[in-house]
>>> print(open('input.pdb').read())   # PDB, C-alpha atoms
ATOM      1  CA  MET A   1     111.567  51.153 174.434
ATOM      2  CA  ILE A   2     109.845  51.895 177.737
ATOM      3  CA  ARG A   3     106.098  52.474 177.918
ATOM      4  CA  LEU A   4     104.995  55.479 179.965
ATOM      5  CA  PHE A   5     101.578  55.367 181.633
ATOM      6  CA  LEU A   6      99.794  57.773 183.927
ATOM      7  CA  ALA A   7     100.045  55.198 186.712
ATOM      8  CA  ILE A   8     103.732  56.133 186.704
ATOM      9  CA  GLY A   9     103.240  59.844 186.245
ATOM     10  CA  LYS A  10     100.247  60.255 188.545
ATOM     11  CA  CYS A  11      99.150  63.475 186.853
ATOM     12  CA  CYS A  12      95.603  62.471 185.888
ATOM     13  CA  LYS A  13      93.634  65.449 187.171
ATOM     14  CA  SER A  14      95.646  68.066 185.314
ATOM     15  CA  MET A  15      95.469  66.099 182.048
ATOM     16  CA  LYS A  16      91.802  65.045 182.048
ATOM     17  CA  LYS A  17      90.740  67.346 179.179
ATOM     18  CA  THR A  18      93.916  67.561 177.124
ATOM     19  CA  GLY A  19      94.219  66.644 173.453
ATOM     20  CA  ALA A  20      96.597  64.039 172.031
ATOM     21  CA  TYR A  21      99.425  66.477 171.407
ATOM     22  CA  GLU A  22      99.195  68.149 174.826
ATOM     23  CA  PHE A  23      98.876  64.750 176.515
ATOM     24  CA  CYS A  24     102.019  63.396 174.849
ATOM     25  CA  GLN A  25     104.028  66.558 175.390
ATOM     26  CA  SER A  26     103.199  66.587 179.088
ATOM     27  CA  MET A  27     104.133  62.915 179.465
ATOM     28  CA  CYS A  28     107.336  63.287 177.458
ATOM     29  CA  HIS A  29     108.335  66.356 179.443
ATOM     30  CA  ARG A  30     108.190  64.382 182.692
ATOM     31  CA  ALA A  31     109.559  61.082 181.373
ATOM     32  CA  GLY A  32     113.176  61.741 182.268
ATOM     33  CA  GLU A  33     112.152  62.809 185.758
ATOM     34  CA  PHE A  34     110.192  59.582 186.330
ATOM     35  CA  ALA A  35     113.110  57.456 185.131
ATOM     36  CA  VAL A  36     115.674  59.149 187.351
ATOM     37  CA  LYS A  37     113.376  58.674 190.359
ATOM     38  CA  GLY A  38     113.313  54.897 189.775
ATOM     39  CA  GLN A  39     109.693  54.735 188.646
ATOM     40  CA  MET A  40     110.477  52.708 185.507
ATOM     41  CA  LYS A  41     112.121  49.377 184.873
ATOM     42  CA  CYS A  42     114.538  48.407 182.116
ATOM     43  CA  PRO A  43     112.958  46.259 179.357
ATOM     44  CA  ASN A  44     116.167  44.204 179.276
ATOM     45  CA  GLY A  45     115.266  42.707 182.632
ATOM     46  CA  CYS A  46     117.822  44.570 184.754
ATOM     47  CA  LYS A  47     117.105  44.290 188.462
ATOM     48  CA  GLY A  48     117.846  47.912 189.218
ATOM     49  CA  ARG A  49     115.662  50.854 188.246
ATOM     50  CA  THR A  50     118.374  53.454 187.906
ATOM     51  CA  PHE A  51     118.578  55.558 184.755
ATOM     52  CA  HIS A  52     119.952  58.872 183.707
ATOM     53  CA  LYS A  53     118.624  61.224 181.060
ATOM     54  CA  ASP A  54     120.074  60.734 177.593
ATOM     55  CA  GLY A  55     118.542  63.532 175.547
ATOM     56  CA  THR A  56     115.447  63.647 173.367
ATOM     57  CA  TYR A  57     114.468  63.138 169.762
ATOM     58  CA  GLN A  58     111.634  64.523 167.668
ATOM     59  CA  ARG A  59     108.968  62.313 166.153
ATOM     60  CA  LYS A  60     105.710  62.945 164.356
ATOM     61  CA  LEU A  61     102.341  62.189 165.912
ATOM     62  CA  VAL A  62      99.506  61.757 163.400
ATOM     63  CA  CYS A  63      95.999  62.466 164.724
ATOM     64  CA  PHE A  64      92.550  62.904 163.184
ATOM     65  CA  GLU A  65      90.979  66.075 164.567
ATOM     66  CA  ASN A  66      87.847  67.876 163.356
ATOM     67  CA  ASN A  67      87.577  65.454 160.415
ATOM     68  CA  GLU A  68      91.061  66.080 159.085
ATOM     69  CA  VAL A  69      94.548  64.659 159.488
ATOM     70  CA  VAL A  70      96.717  66.732 161.801
ATOM     71  CA  ILE A  71     100.440  66.086 162.181
ATOM     72  CA  HIS A  72     102.093  67.173 165.422
ATOM     73  CA  GLU A  73     105.725  66.925 166.410
ATOM     74  CA  ILE A  74     106.537  65.704 169.918
ATOM     75  CA  SER A  75     109.771  65.430 171.869
ATOM     76  CA  VAL A  76     110.432  61.880 173.088
ATOM     77  CA  ALA A  77     112.739  61.474 176.076
ATOM     78  CA  CYS A  78     115.545  58.922 176.058
ATOM     79  CA  VAL A  79     117.093  57.375 179.170
ATOM     80  CA  GLU A  80     120.125  55.153 179.691
ATOM     81  CA  CYS A  81     120.011  52.211 182.094
ATOM     82  CA  LYS A  82     122.967  52.464 184.466
ATOM     83  CA  GLU A  83     123.097  48.662 184.811
ATOM     84  CA  CYS A  84     123.211  47.490 181.172
ATOM     85  CA  GLY A  85     124.169  50.767 179.483
ATOM     86  CA  ARG A  86     121.366  50.515 176.921
ATOM     87  CA  THR A  87     119.456  53.628 175.856
ATOM     88  CA  HIS A  88     115.659  53.450 175.665
ATOM     89  CA  ALA A  89     113.026  55.808 174.289
ATOM     90  CA  VAL A  90     110.202  56.542 176.738
ATOM     91  CA  LEU A  91     106.990  56.428 174.710
ATOM     92  CA  PRO A  92     103.561  57.647 175.908
ATOM     93  CA  SER A  93     100.846  54.995 175.954
ATOM     94  CA  ILE A  94      98.697  56.506 173.189
ATOM     95  CA  VAL A  95     101.474  56.365 170.563
ATOM     96  CA  ILE A  96     101.714  53.173 168.485
ATOM     97  CA  CYS A  97     105.286  51.911 168.688
ATOM     98  CA  HIS A  98     107.435  52.161 165.530
ATOM     99  CA  SER A  99     104.668  54.244 163.993
ATOM    100  CA  GLN A 100     103.670  57.891 163.648
ATOM    101  CA  PHE A 101     100.022  57.175 164.482
ATOM    102  CA  SER A 102      98.190  57.793 167.716
ATOM    103  CA  ILE A 103      95.899  55.048 169.002
ATOM    104  CA  GLN A 104      93.009  57.455 168.467
ATOM    105  CA  PHE A 105      93.881  57.900 164.786
ATOM    106  CA  ALA A 106      94.079  54.145 164.164
ATOM    107  CA  VAL A 107      90.776  53.386 165.901
ATOM    108  CA  GLN A 108      89.000  56.200 164.044
ATOM    109  CA  LEU A 109      90.319  54.841 160.748
ATOM    110  CA  ILE A 110      89.151  51.316 161.541
ATOM    111  CA  GLN A 111      85.810  52.575 162.793
ATOM    112  CA  ALA A 112      85.251  54.391 159.486
ATOM    113  CA  TYR A 113      85.907  51.116 157.666
ATOM    114  CA  LEU A 114      83.670  48.972 159.895
ATOM    115  CA  VAL A 115      80.661  51.285 159.601
ATOM    116  CA  GLY A 116      81.127  51.718 155.832
ATOM    117  CA  ARG A 117      81.559  55.482 155.991
ATOM    118  CA  TYR A 118      83.271  55.613 152.583
ATOM    119  CA  ARG A 119      82.471  53.993 149.255
ATOM    120  CA  SER A 120      85.779  52.153 149.078
ATOM    121  CA  VAL A 121      88.951  51.475 151.023
ATOM    122  CA  ASN A 122      90.883  53.612 148.541
ATOM    123  CA  GLU A 123      88.613  56.601 149.147
ATOM    124  CA  MET A 124      88.895  56.190 152.909
ATOM    125  CA  CYS A 125      92.688  55.938 152.789
ATOM    126  CA  LYS A 126      92.881  59.148 150.767
ATOM    127  CA  VAL A 127      90.890  60.999 153.427
ATOM    128  CA  TYR A 128      93.125  59.645 156.202
ATOM    129  CA  ASP A 129      96.268  60.039 154.081
ATOM    130  CA  VAL A 130      97.502  56.471 154.595
ATOM    131  CA  SER A 131      98.416  53.768 152.121
ATOM    132  CA  VAL A 132      96.070  50.815 151.643
ATOM    133  CA  ALA A 133      98.832  48.504 152.882
ATOM    134  CA  THR A 134      99.179  50.536 156.096
ATOM    135  CA  PHE A 135      95.435  50.405 156.676
ATOM    136  CA  TYR A 136      95.335  46.613 156.337
ATOM    137  CA  ARG A 137      98.315  46.286 158.698
ATOM    138  CA  LEU A 138      96.421  48.315 161.310
ATOM    139  CA  LEU A 139      93.254  46.312 160.656
ATOM    140  CA  HIS A 140      95.160  43.061 161.137
ATOM    141  CA  GLY A 141      96.428  44.293 164.511
ATOM    142  CA  PHE A 142      92.939  45.412 165.487
ATOM    143  CA  LYS A 143      91.434  41.997 164.679
ATOM    144  CA  ARG A 144      94.192  40.325 166.694
ATOM    145  CA  ASP A 145      93.695  42.563 169.733
ATOM    146  CA  TRP A 146      90.039  43.488 169.663
ATOM    147  CA  ARG A 147      88.550  40.608 171.680
ATOM    148  CA  ARG A 148      91.186  41.092 174.360
ATOM    149  CA  MET A 149      90.451  44.802 174.513
ATOM    150  CA  LEU A 150      86.692  44.175 174.698
ATOM    151  CA  LYS A 151      87.156  42.245 177.946
ATOM    152  CA  LEU A 152      88.981  45.167 179.500
ATOM    153  CA  VAL A 153      86.449  47.714 178.227
ATOM    154  CA  GLN A 154      83.670  45.572 179.684
ATOM    155  CA  LYS A 155      85.285  45.666 183.122
ATOM    156  CA  TYR A 156      86.027  49.367 182.754
ATOM    157  CA  THR A 157      82.512  50.422 181.749
ATOM    158  CA  GLY A 158      80.541  47.740 183.601
ATOM    159  CA  GLU A 159      78.508  47.088 180.440
ATOM    160  CA  VAL A 160      77.782  43.680 178.948
ATOM    161  CA  GLY A 161      76.397  42.135 175.790
ATOM    162  CA  LYS A 162      76.047  44.006 172.513
ATOM    163  CA  GLU A 163      76.798  47.328 174.168
ATOM    164  CA  ILE A 164      80.458  46.322 174.309
ATOM    165  CA  ASP A 165      80.725  46.461 170.516
ATOM    166  CA  ARG A 166      79.427  50.001 170.645
ATOM    167  CA  GLU A 167      81.790  50.898 173.461
ATOM    168  CA  ILE A 168      84.906  49.777 171.621
ATOM    169  CA  MET A 169      83.872  51.940 168.692
ATOM    170  CA  LYS A 170      83.443  54.840 171.110
ATOM    171  CA  PHE A 171      86.917  54.192 172.513
ATOM    172  CA  VAL A 172      88.213  57.109 170.498
ATOM    173  CA  GLU A 173      85.830  59.437 172.350
ATOM    174  CA  TYR A 174      87.306  58.645 175.754
ATOM    175  CA  SER A 175      89.502  61.229 177.417
ATOM    176  CA  TYR A 176      93.170  60.390 177.027
ATOM    177  CA  VAL A 177      93.354  59.722 180.757
ATOM    178  CA  ASP A 178      90.654  57.019 180.486
ATOM    179  CA  MET A 179      92.223  55.659 177.309
ATOM    180  CA  ASP A 180      95.612  55.513 179.014
ATOM    181  CA  ASP A 181      94.148  53.518 181.909
ATOM    182  CA  ILE A 182      92.704  50.851 179.605
ATOM    183  CA  LEU A 183      95.891  50.719 177.527
ATOM    184  CA  ARG A 184      97.920  50.197 180.717
ATOM    185  CA  LYS A 185      95.680  47.293 181.753
ATOM    186  CA  PHE A 186      96.062  45.773 178.282
ATOM    187  CA  TYR A 187      99.863  46.104 178.433
ATOM    188  CA  ASP A 188     100.080  44.675 181.958
ATOM    189  CA  ARG A 189      97.966  41.672 181.045
ATOM    190  CA  TYR A 190      99.292  40.798 177.585
ATOM    191  CA  TYR A 191     102.854  42.231 177.721
ATOM    192  CA  TYR A 192     102.566  44.284 174.546
ATOM    193  CA  GLY A 193     100.824  47.483 173.486
ATOM    194  CA  PHE A 194      97.410  47.545 171.816
ATOM    195  CA  LEU A 195      97.923  47.535 168.008
ATOM    196  CA  CYS A 196     101.696  47.243 168.450
ATOM    197  CA  SER A 197     102.575  44.258 166.263
ATOM    198  CA  ASP A 198     106.321  44.819 166.654
ATOM    199  CA  GLU A 199     105.994  44.315 170.392
ATOM    200  CA  VAL A 200     104.104  41.071 169.757
ATOM    201  CA  ASN A 201     106.901  39.770 167.582
ATOM    202  CA  SER A 202     109.504  40.601 170.199
ATOM    203  CA  THR A 203     107.757  38.797 173.083
TER     204      THR A 203
END
>>> encode(input="input.pdb", output="structure tokens")
Amino acid sequence: MIRLFLAIGKCCKSMKKTGAYEFCQSMCHRAGEFAVKGQMKCPNGCKGRTFHKDGTYQRKLVCFENNEVVIHEISVACVECKECGRTHAVLPSIVICHSQFSIQFAVQLIQAYLVGRYRSVNEMCKVYDVSVATFYRLLHGFKRDWRRMLKLVQKYTGEVGKEIDREIMKFVEYSYVDMDDILRKFYDRYYYGFLCSDEVNST
């Protein structure tokens, strides 16, 4: 899998006010183009940056919009490394790897839990249409990553002290361009995606 960030695509201005679905579709649409132009590197450590397009596949993207679960379907580009011959999916930054959830969805779910918005975990999971086990898996990843993310949010917002706790809970309110920028910094520093436990296990 190859992570796709706006730093590669350089299309920030046109995407500043897009929603999750539009953001992902725009990134996925250009993914093959970026790869062919040598703007990505193979996760297998190949020295070259030469790829060719290898089709697409459909995957679901689960979001929480206007207080309800919304399921989109996005086209994910695949590219083949000309050096090692391996095929890789090119995944936008706001999609949790090996999951149908957007980062926004996961953070909103965890925020609802932390502020006690529902009477029980079971009630909350019914509203968000996730299993209790899935919620606790996301919560575990959030606890693992949250202090690291706070440091990046602090640098990004210039705020210190208790305000940082509030800012991480407002993370979901950022534009996807701003969210992408912080997620890229997290990935560059820690070598895995925020909330992506599978990437942790593989590093």
>>> atom_distance(input="input.pdb", atom1="atom CA of A:Val130", atom2="atom CA of A:Phe101")
10.2 Å
>>> residues_near_point(input="input.pdb", point="(116.5, 47.1, 185.6)", cutoff="12 Å", atoms="only C-alpha atoms", output="NGL selection string")
:A and (2 or 35 or 38-51 or 80-86 or 88)
>>> resolve_selection(input="input.pdb", expression="the PyMOL selection byres ((chain A and resi 180) around 8)", output="list of chain:residue names")
A:Phe5, A:Leu6, A:Ser93, A:Ile94, A:Tyr176, A:Val177, A:Asp178, A:Met179, A:Asp181, A:Ile182, A:Leu183, A:Arg184
>>> resolve_selection(input="input.pdb", expression="the PyMOL selection byres ((chain A and resi 105) around 12)", output="PyMOL selection string")
chain A and resi 20+61-71+94-96+99-104+106-112+128-130+135+138+171-173+195
>>> atom_distance(input="input.pdb", atom1="atom CA of A:Val79", atom2="atom CA of A:Gln58")
14.6 Å
>>> atom_distance(input="input.pdb", atom1="atom CA of A:His98", atom2="atom CA of A:Cys196")
8.1 Å
